[in-house]
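In what follows, a structure is listed as structure tokens, so that the remarks can point back to it.
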Amino acid sequence: VWVYRPAPFLLPGIDRVAGRLVTFGANWPKHVVATVESIVLGFAVAAVFGVAGAVVIVYSETLRRALTPLLVTLQIIPKIAFAPLILVWFGIGLTSKVTIAFLVAFFPVLINTAVGLVQVEPDLLDLARSIKAPAAWVFFRIRFPNSLPYFFAGLRVASTLAVIGAIIGEFVGSDVGLGYLIVIANNQMDTALALASILIVSIIGLVLYGAILAIERVCTPWAAAEGGLQAMV
């Protein structure tokens, strides 16, 4: 911007973007809250259903054979292709945005958690069988703790995808939110407002990602210790 001096509607300078952040002032909270609500709810639903789905496909051969092709097909299809249909089914509002965020963020949690539940040291499972441990004990004492690093890896990916899904939902059908604000700003050639909205979306995504990292360090201290040892080696 300093070198080529483009027109402000093409690429505004940092000063113009900062100025738009200030002048938009009291209008920010309602849009930020709406977007955060969509992201968090979509992410939370994806986490719950992802874990539940992982447990189902790990422990039930029949359901794994039935659901895996459907889940893979669902993942292959671009989620934005569903957005107009979801808008028709659920209308303009929170439900549509949360549904799209859920669809985008669900698969990484499912796959990573399932891998963590399966990839257990055979000696541990042999030991559990030798003492005739019940299935619930094996799950909560062996499989579930083993899956936590994989689960949090899936959550980290899902957190970024939930942000994308929520913004897509606001692009397609919403009357509030930062995604909606970006569309309106583009229509009005208010590029500074669009960039300011994108900046806030990025900050929200970074905060969510950082929160997951903090929770992961608390819940899996052994994984953090192993990572530190590997880095030293």
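Residue names in the structure tokens use chain letters A, B, ... in the order shown, residue numbers from 1 in each chain, and ligand numbers from 1 in the order shown.
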Please tabulate, as CSV, the residues of region 144-205 of chain A that come within 9 Å of region 109-122 of chain A, each with its closest pair of atoms and the distance in Å to one decimal, counting only C-alpha atoms and ordering rows by chain, then residue number upward.
residue,atom,partner,partner_atom,distance
A:Phe144,CA,A:Leu117,CA,6.4
A:Pro145,CA,A:Leu117,CA,8.7
A:Asn146,CA,A:Gly116,CA,6.1
A:Ser147,CA,A:Gly116,CA,3.7
A:Leu148,CA,A:Gly116,CA,7.1
A:Pro149,CA,A:Gly116,CA,7.6
A:Tyr150,CA,A:Asn112,CA,5.2
A:Phe151,CA,A:Thr113,CA,4.7
A:Phe152,CA,A:Val109,CA,8.1
A:Ala153,CA,A:Asn112,CA,7.0
A:Gly154,CA,A:Val109,CA,4.4
A:Leu155,CA,A:Val109,CA,5.9
A:Arg156,CA,A:Val109,CA,8.9
A:Val157,CA,A:Val109,CA,8.0
A:Ala158,CA,A:Val109,CA,6.7
Selection from above, all heavy atoms, as a compact mmCIF listing (two decimals), in the first residue's frame, can you write it?
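Below is the file that was written, selection11.txt:
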# COMPACT_ATOMS: atom_id res chain seq x y z
N PHE A 144 -9.42 -45.10 26.48
CA PHE A 144 -9.73 -43.66 26.54
C PHE A 144 -8.50 -42.81 26.84
O PHE A 144 -8.23 -41.83 26.12
CB PHE A 144 -10.84 -43.40 27.55
CG PHE A 144 -11.22 -41.95 27.65
CD1 PHE A 144 -11.92 -41.32 26.63
CD2 PHE A 144 -10.87 -41.20 28.77
CE1 PHE A 144 -12.26 -39.98 26.71
CE2 PHE A 144 -11.21 -39.87 28.87
CZ PHE A 144 -11.91 -39.26 27.84
N PRO A 145 -7.70 -43.14 27.87
CA PRO A 145 -6.49 -42.33 28.09
C PRO A 145 -5.54 -42.37 26.89
O PRO A 145 -4.90 -41.36 26.57
CB PRO A 145 -5.85 -42.99 29.32
CG PRO A 145 -6.97 -43.66 30.02
CD PRO A 145 -7.89 -44.14 28.93
N ASN A 146 -5.44 -43.53 26.23
CA ASN A 146 -4.57 -43.64 25.07
C ASN A 146 -5.04 -42.76 23.92
O ASN A 146 -4.23 -42.26 23.13
CB ASN A 146 -4.52 -45.10 24.60
CG ASN A 146 -3.60 -45.29 23.41
OD1 ASN A 146 -2.38 -45.35 23.56
ND2 ASN A 146 -4.17 -45.40 22.22
N SER A 147 -6.35 -42.55 23.82
CA SER A 147 -6.91 -41.79 22.70
C SER A 147 -6.84 -40.28 22.90
O SER A 147 -7.06 -39.53 21.94
CB SER A 147 -8.37 -42.19 22.47
OG SER A 147 -9.20 -41.71 23.52
N LEU A 148 -6.54 -39.81 24.12
CA LEU A 148 -6.61 -38.37 24.39
C LEU A 148 -5.70 -37.52 23.49
O LEU A 148 -6.15 -36.50 22.97
CB LEU A 148 -6.31 -38.10 25.87
CG LEU A 148 -7.44 -38.42 26.84
CD1 LEU A 148 -7.00 -38.15 28.28
CD2 LEU A 148 -8.69 -37.60 26.52
N PRO A 149 -4.42 -37.89 23.30
CA PRO A 149 -3.60 -37.06 22.38
C PRO A 149 -4.18 -37.02 20.97
O PRO A 149 -4.15 -35.96 20.31
CB PRO A 149 -2.24 -37.77 22.41
CG PRO A 149 -2.22 -38.51 23.71
CD PRO A 149 -3.62 -38.95 23.94
N TYR A 150 -4.71 -38.14 20.49
CA TYR A 150 -5.33 -38.17 19.15
C TYR A 150 -6.60 -37.32 19.15
O TYR A 150 -6.88 -36.61 18.18
CB TYR A 150 -5.67 -39.61 18.76
CG TYR A 150 -4.49 -40.53 18.67
CD1 TYR A 150 -4.01 -41.20 19.79
CD2 TYR A 150 -3.84 -40.74 17.46
CE1 TYR A 150 -2.91 -42.05 19.71
CE2 TYR A 150 -2.74 -41.59 17.37
CZ TYR A 150 -2.30 -42.24 18.50
OH TYR A 150 -1.22 -43.08 18.40
N PHE A 151 -7.38 -37.43 20.22
CA PHE A 151 -8.62 -36.67 20.34
C PHE A 151 -8.35 -35.17 20.28
O PHE A 151 -9.01 -34.42 19.54
CB PHE A 151 -9.31 -37.04 21.65
CG PHE A 151 -10.44 -36.13 22.05
CD1 PHE A 151 -11.59 -36.05 21.29
CD2 PHE A 151 -10.34 -35.35 23.19
CE1 PHE A 151 -12.64 -35.21 21.65
CE2 PHE A 151 -11.38 -34.51 23.56
CZ PHE A 151 -12.53 -34.44 22.80
N PHE A 152 -7.34 -34.71 21.03
CA PHE A 152 -7.03 -33.28 21.03
C PHE A 152 -6.44 -32.84 19.69
O PHE A 152 -6.64 -31.69 19.28
CB PHE A 152 -6.09 -32.94 22.19
CG PHE A 152 -6.79 -32.81 23.50
CD1 PHE A 152 -6.67 -33.78 24.48
CD2 PHE A 152 -7.59 -31.71 23.76
CE1 PHE A 152 -7.32 -33.65 25.69
CE2 PHE A 152 -8.25 -31.57 24.97
CZ PHE A 152 -8.12 -32.55 25.94
N ALA A 153 -5.72 -33.73 19.02
CA ALA A 153 -5.24 -33.39 17.68
C ALA A 153 -6.43 -33.15 16.75
O ALA A 153 -6.43 -32.22 15.93
CB ALA A 153 -4.36 -34.51 17.14
N GLY A 154 -7.45 -33.99 16.87
CA GLY A 154 -8.67 -33.79 16.08
C GLY A 154 -9.38 -32.51 16.45
O GLY A 154 -9.90 -31.80 15.57
N LEU A 155 -9.39 -32.18 17.75
CA LEU A 155 -10.03 -30.94 18.18
C LEU A 155 -9.32 -29.72 17.62
O LEU A 155 -9.97 -28.72 17.26
CB LEU A 155 -10.06 -30.86 19.72
CG LEU A 155 -11.03 -31.77 20.46
CD1 LEU A 155 -11.01 -31.43 21.95
CD2 LEU A 155 -12.44 -31.65 19.91
N ARG A 156 -7.99 -29.78 17.56
CA ARG A 156 -7.26 -28.63 17.03
C ARG A 156 -7.63 -28.37 15.57
O ARG A 156 -7.83 -27.23 15.16
CB ARG A 156 -5.75 -28.85 17.18
CG ARG A 156 -5.27 -28.85 18.61
CD ARG A 156 -3.76 -28.62 18.68
NE ARG A 156 -3.02 -29.65 17.97
CZ ARG A 156 -2.58 -30.78 18.51
NH1 ARG A 156 -2.83 -31.03 19.78
NH2 ARG A 156 -1.88 -31.65 17.80
N VAL A 157 -7.70 -29.45 14.80
CA VAL A 157 -8.11 -29.29 13.40
C VAL A 157 -9.56 -28.82 13.32
O VAL A 157 -9.91 -27.93 12.54
CB VAL A 157 -7.93 -30.62 12.63
CG1 VAL A 157 -8.43 -30.49 11.20
CG2 VAL A 157 -6.47 -31.05 12.64
N ALA A 158 -10.42 -29.43 14.13
CA ALA A 158 -11.85 -29.10 14.09
C ALA A 158 -12.11 -27.65 14.48
O ALA A 158 -13.04 -27.02 13.97
CB ALA A 158 -12.63 -30.04 15.01
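Residue neighbourhood of Ile14 (chain A), excluding near-sequence residues (fewer than 4 positions): A:Val1, A:Ala18, A:Gly19, A:Ala192, at 9 Å, using only C-alpha atoms.
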Those residues you just picked out, can you put them in a file as a compact mmCIF listing (two decimals), in the first residue's frame with C-alpha atoms?
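Contents of the output file again-v8.txt:
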# COMPACT_ATOMS: atom_id res chain seq x y z
CA VAL A 1 0.00 0.00 0.00
CA ALA A 18 -7.77 0.42 12.19
CA GLY A 19 -9.92 3.50 11.70
CA ALA A 192 -11.61 -1.67 5.17
**Request:** Just give me the gap between CA of Ser174 (chain A) and CA of Ile92 (chain A) in Å, one decimal is fine.
**Result:** 5.5 Å
**Request:** Identify all residues of region 3-164 of chain A in helix (DSSP H, G or I) (DSSP on the backbone) and supply them as a PyMOL selection string.
**Result:** chain A and resi 14-59+61-76+79-81+83-90+94-118+122-130+135-164
How close does region 130-218 of chain A get to region 31-50 of chain A? List, as CSV, each residue of region 130-218 of chain A within 12 Å, its nearest atom pair and the distance in Å to one decimal, counting only C-alpha atoms.
residue,atom,partner,partner_atom,distance
A:Phe151,CA,A:Ala47,CA,9.0
A:Phe152,CA,A:Ala47,CA,9.9
A:Ala153,CA,A:Ala47,CA,11.7
A:Gly154,CA,A:Ala47,CA,8.8
A:Leu155,CA,A:Ala47,CA,7.1
A:Arg156,CA,A:Phe43,CA,10.4
A:Val157,CA,A:Phe43,CA,10.4
A:Ala158,CA,A:Phe43,CA,6.9
A:Ser159,CA,A:Phe43,CA,6.4
A:Thr160,CA,A:Phe43,CA,9.3
A:Leu161,CA,A:Phe43,CA,8.5
A:Ala162,CA,A:Ile39,CA,5.6
A:Val163,CA,A:Ile39,CA,5.5
A:Ile164,CA,A:Ile39,CA,8.6
A:Gly165,CA,A:Ile39,CA,7.8
A:Ala166,CA,A:Ile39,CA,5.6
A:Ile167,CA,A:Thr35,CA,7.5
A:Ile168,CA,A:Thr35,CA,10.8
A:Gly169,CA,A:Ser38,CA,8.9
A:Glu170,CA,A:Thr35,CA,8.2
A:Phe171,CA,A:Thr35,CA,11.4
A:Ser174,CA,A:Ala34,CA,10.0
A:Asp175,CA,A:His31,CA,9.4
A:Val176,CA,A:His31,CA,5.6
A:Gly177,CA,A:His31,CA,3.9
A:Leu178,CA,A:His31,CA,5.4
A:Gly179,CA,A:Thr35,CA,7.7
A:Tyr180,CA,A:His31,CA,8.4
A:Leu181,CA,A:His31,CA,7.6
A:Ile182,CA,A:His31,CA,10.7
A:Ala196,CA,A:Val32,CA,11.8
A:Ser197,CA,A:Val32,CA,9.0
A:Ile198,CA,A:Val32,CA,11.2
A:Leu199,CA,A:Val32,CA,11.5
A:Ile200,CA,A:Val32,CA,8.0
A:Val201,CA,A:Val32,CA,8.3
A:Ser202,CA,A:Val36,CA,11.5
A:Ile203,CA,A:Val32,CA,10.8
A:Ile204,CA,A:Val36,CA,7.3
A:Gly205,CA,A:Ile39,CA,8.9
A:Val207,CA,A:Val36,CA,10.7
A:Leu208,CA,A:Val40,CA,8.5
A:Tyr209,CA,A:Phe43,CA,11.3
A:Ala211,CA,A:Val40,CA,11.8
A:Ile212,CA,A:Phe43,CA,11.4
Kindly export the residues of the current selection with N, CA and C atoms, as a tab-separated table (two decimals), in the first residue's frame.
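Written output follows (selection-v6.tsv):
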chain	number	residue	atom	x	y	z
A	151	PHE	N	-7.38	-37.43	20.22
A	151	PHE	CA	-8.62	-36.67	20.34
A	151	PHE	C	-8.35	-35.17	20.28
A	152	PHE	N	-7.34	-34.71	21.03
A	152	PHE	CA	-7.03	-33.28	21.03
A	152	PHE	C	-6.44	-32.84	19.69
A	153	ALA	N	-5.72	-33.73	19.02
A	153	ALA	CA	-5.24	-33.39	17.68
A	153	ALA	C	-6.43	-33.15	16.75
A	154	GLY	N	-7.45	-33.99	16.87
A	154	GLY	CA	-8.67	-33.79	16.08
A	154	GLY	C	-9.38	-32.51	16.45
A	155	LEU	N	-9.39	-32.18	17.75
A	155	LEU	CA	-10.03	-30.94	18.18
A	155	LEU	C	-9.32	-29.72	17.62
A	156	ARG	N	-7.99	-29.78	17.56
A	156	ARG	CA	-7.26	-28.63	17.03
A	156	ARG	C	-7.63	-28.37	15.57
A	157	VAL	N	-7.70	-29.45	14.80
A	157	VAL	CA	-8.11	-29.29	13.40
A	157	VAL	C	-9.56	-28.82	13.32
A	158	ALA	N	-10.42	-29.43	14.13
A	158	ALA	CA	-11.85	-29.10	14.09
A	158	ALA	C	-12.11	-27.65	14.48
A	159	SER	N	-11.29	-27.11	15.39
A	159	SER	CA	-11.51	-25.72	15.82
A	159	SER	C	-11.34	-24.75	14.66
A	160	THR	N	-10.34	-25.00	13.81
A	160	THR	CA	-10.14	-24.12	12.65
A	160	THR	C	-11.24	-24.32	11.62
A	161	LEU	N	-11.67	-25.57	11.46
A	161	LEU	CA	-12.72	-25.84	10.47
A	161	LEU	C	-14.07	-25.30	10.93
A	162	ALA	N	-14.32	-25.30	12.24
A	162	ALA	CA	-15.59	-24.76	12.76
A	162	ALA	C	-15.71	-23.27	12.44
A	163	VAL	N	-14.59	-22.57	12.51
A	163	VAL	CA	-14.60	-21.14	12.15
A	163	VAL	C	-14.99	-20.98	10.68
A	164	ILE	N	-14.38	-21.80	9.83
A	164	ILE	CA	-14.70	-21.74	8.40
A	164	ILE	C	-16.18	-22.05	8.16
A	165	GLY	N	-16.68	-23.11	8.82
A	165	GLY	CA	-18.07	-23.51	8.63
A	165	GLY	C	-19.05	-22.43	9.06
A	166	ALA	N	-18.77	-21.81	10.20
A	166	ALA	CA	-19.67	-20.76	10.69
A	166	ALA	C	-19.69	-19.57	9.74
A	167	ILE	N	-18.53	-19.19	9.21
A	167	ILE	CA	-18.47	-18.06	8.28
A	167	ILE	C	-19.19	-18.41	6.98
A	168	ILE	N	-19.03	-19.64	6.51
A	168	ILE	CA	-19.77	-20.07	5.31
A	168	ILE	C	-21.27	-19.96	5.54
A	169	GLY	N	-21.71	-20.40	6.72
A	169	GLY	CA	-23.13	-20.30	7.06
A	169	GLY	C	-23.62	-18.87	7.05
A	170	GLU	N	-22.78	-17.95	7.52
A	170	GLU	CA	-23.18	-16.55	7.52
A	170	GLU	C	-23.11	-15.94	6.13
A	171	PHE	N	-22.23	-16.46	5.29
A	171	PHE	CA	-22.20	-16.01	3.90
A	171	PHE	C	-23.51	-16.36	3.19
A	174	SER	N	-27.72	-15.38	6.58
A	174	SER	CA	-27.70	-14.83	7.92
A	174	SER	C	-27.95	-13.34	7.84
A	175	ASP	N	-28.46	-12.80	8.91
A	175	ASP	CA	-28.66	-11.36	8.96
A	175	ASP	C	-27.84	-10.73	10.07
A	176	VAL	N	-26.89	-11.50	10.61
A	176	VAL	CA	-26.01	-10.99	11.65
A	176	VAL	C	-24.76	-11.88	11.69
A	177	GLY	N	-23.66	-11.32	12.15
A	177	GLY	CA	-22.43	-12.09	12.24
A	177	GLY	C	-21.33	-11.46	11.39
A	178	LEU	N	-20.10	-11.88	11.65
A	178	LEU	CA	-18.97	-11.30	10.93
A	178	LEU	C	-18.95	-11.74	9.47
A	179	GLY	N	-19.39	-12.96	9.17
A	179	GLY	CA	-19.49	-13.40	7.79
A	179	GLY	C	-20.50	-12.57	7.01
A	180	TYR	N	-21.63	-12.33	7.63
A	180	TYR	CA	-22.65	-11.46	7.03
A	180	TYR	C	-22.09	-10.05	6.81
A	181	LEU	N	-21.31	-9.58	7.78
A	181	LEU	CA	-20.74	-8.24	7.69
A	181	LEU	C	-19.74	-8.16	6.53
A	182	ILE	N	-18.97	-9.23	6.30
A	182	ILE	CA	-18.02	-9.25	5.18
A	182	ILE	C	-18.76	-9.16	3.85
A	196	ALA	N	-11.31	-5.61	8.44
A	196	ALA	CA	-11.43	-5.53	9.89
A	196	ALA	C	-12.22	-6.73	10.43
A	197	SER	N	-13.27	-7.12	9.71
A	197	SER	CA	-14.06	-8.29	10.12
A	197	SER	C	-13.24	-9.57	10.02
A	198	ILE	N	-12.45	-9.69	8.94
A	198	ILE	CA	-11.59	-10.86	8.78
A	198	ILE	C	-10.56	-10.92	9.91
A	199	LEU	N	-10.04	-9.78	10.31
A	199	LEU	CA	-9.08	-9.73	11.41
A	199	LEU	C	-9.70	-10.26	12.70
A	200	ILE	N	-10.93	-9.84	12.99
A	200	ILE	CA	-11.60	-10.29	14.21
A	200	ILE	C	-11.89	-11.78	14.15
A	201	VAL	N	-12.31	-12.28	12.97
A	201	VAL	CA	-12.53	-13.72	12.81
A	201	VAL	C	-11.24	-14.49	13.09
A	202	SER	N	-10.13	-14.00	12.61
A	202	SER	CA	-8.84	-14.66	12.83
A	202	SER	C	-8.50	-14.70	14.31
A	203	ILE	N	-8.76	-13.60	15.00
A	203	ILE	CA	-8.48	-13.56	16.44
A	203	ILE	C	-9.34	-14.56	17.19
A	204	ILE	N	-10.61	-14.66	16.81
A	204	ILE	CA	-11.50	-15.64	17.44
A	204	ILE	C	-10.97	-17.05	17.24
A	205	GLY	N	-10.55	-17.36	16.01
A	205	GLY	CA	-10.00	-18.69	15.73
A	205	GLY	C	-8.75	-18.97	16.53
A	207	VAL	N	-7.90	-17.66	19.44
A	207	VAL	CA	-8.27	-17.82	20.85
A	207	VAL	C	-8.82	-19.22	21.11
A	208	LEU	N	-9.69	-19.71	20.22
A	208	LEU	CA	-10.24	-21.05	20.38
A	208	LEU	C	-9.14	-22.10	20.28
A	209	TYR	N	-8.25	-21.95	19.32
A	209	TYR	CA	-7.15	-22.89	19.16
A	209	TYR	C	-6.25	-22.88	20.40
A	211	ALA	N	-7.09	-22.04	23.44
A	211	ALA	CA	-7.80	-22.64	24.57
A	211	ALA	C	-7.70	-24.16	24.53
A	212	ILE	N	-7.82	-24.73	23.34
A	212	ILE	CA	-7.71	-26.19	23.20
A	212	ILE	C	-6.31	-26.65	23.56
**Item:** Who sits within 12 Å of Ala136 (chain A), only C-alpha atoms, same chain under 6 positions skipped, as a PyMOL selection string
**Value:** chain A and resi 55+59+128+142-144
**Message:** As an exercise, work out the distance from CA of Leu10 (chain A) to CA of Met189 (chain A) in Å and give it to one decimal place.
**Reply:** 8.3 Å
**Request:** Choose the residue, out of A:Phe82, A:Trp89, A:Trp2, A:Phe139, that has the smallest atom-to-atom separation from Phe102 (chain A); count only C-alpha atoms.
**Result:**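 So, comparing all the options, the nearest one is A:Phe82.
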**Asked** Which residue gives the smallest distance to Lys79 (chain A) among A:Phe140, A:Pro6, A:Leu94, A:Val172, with only C-alpha atoms counted?
**Response** A:Val172
**Prompt:** Please, what distance in Å, to one decimal, runs between CA of Val104 (chain A) and CA of Leu67 (chain A)?
**Reply:** 17.4 Å
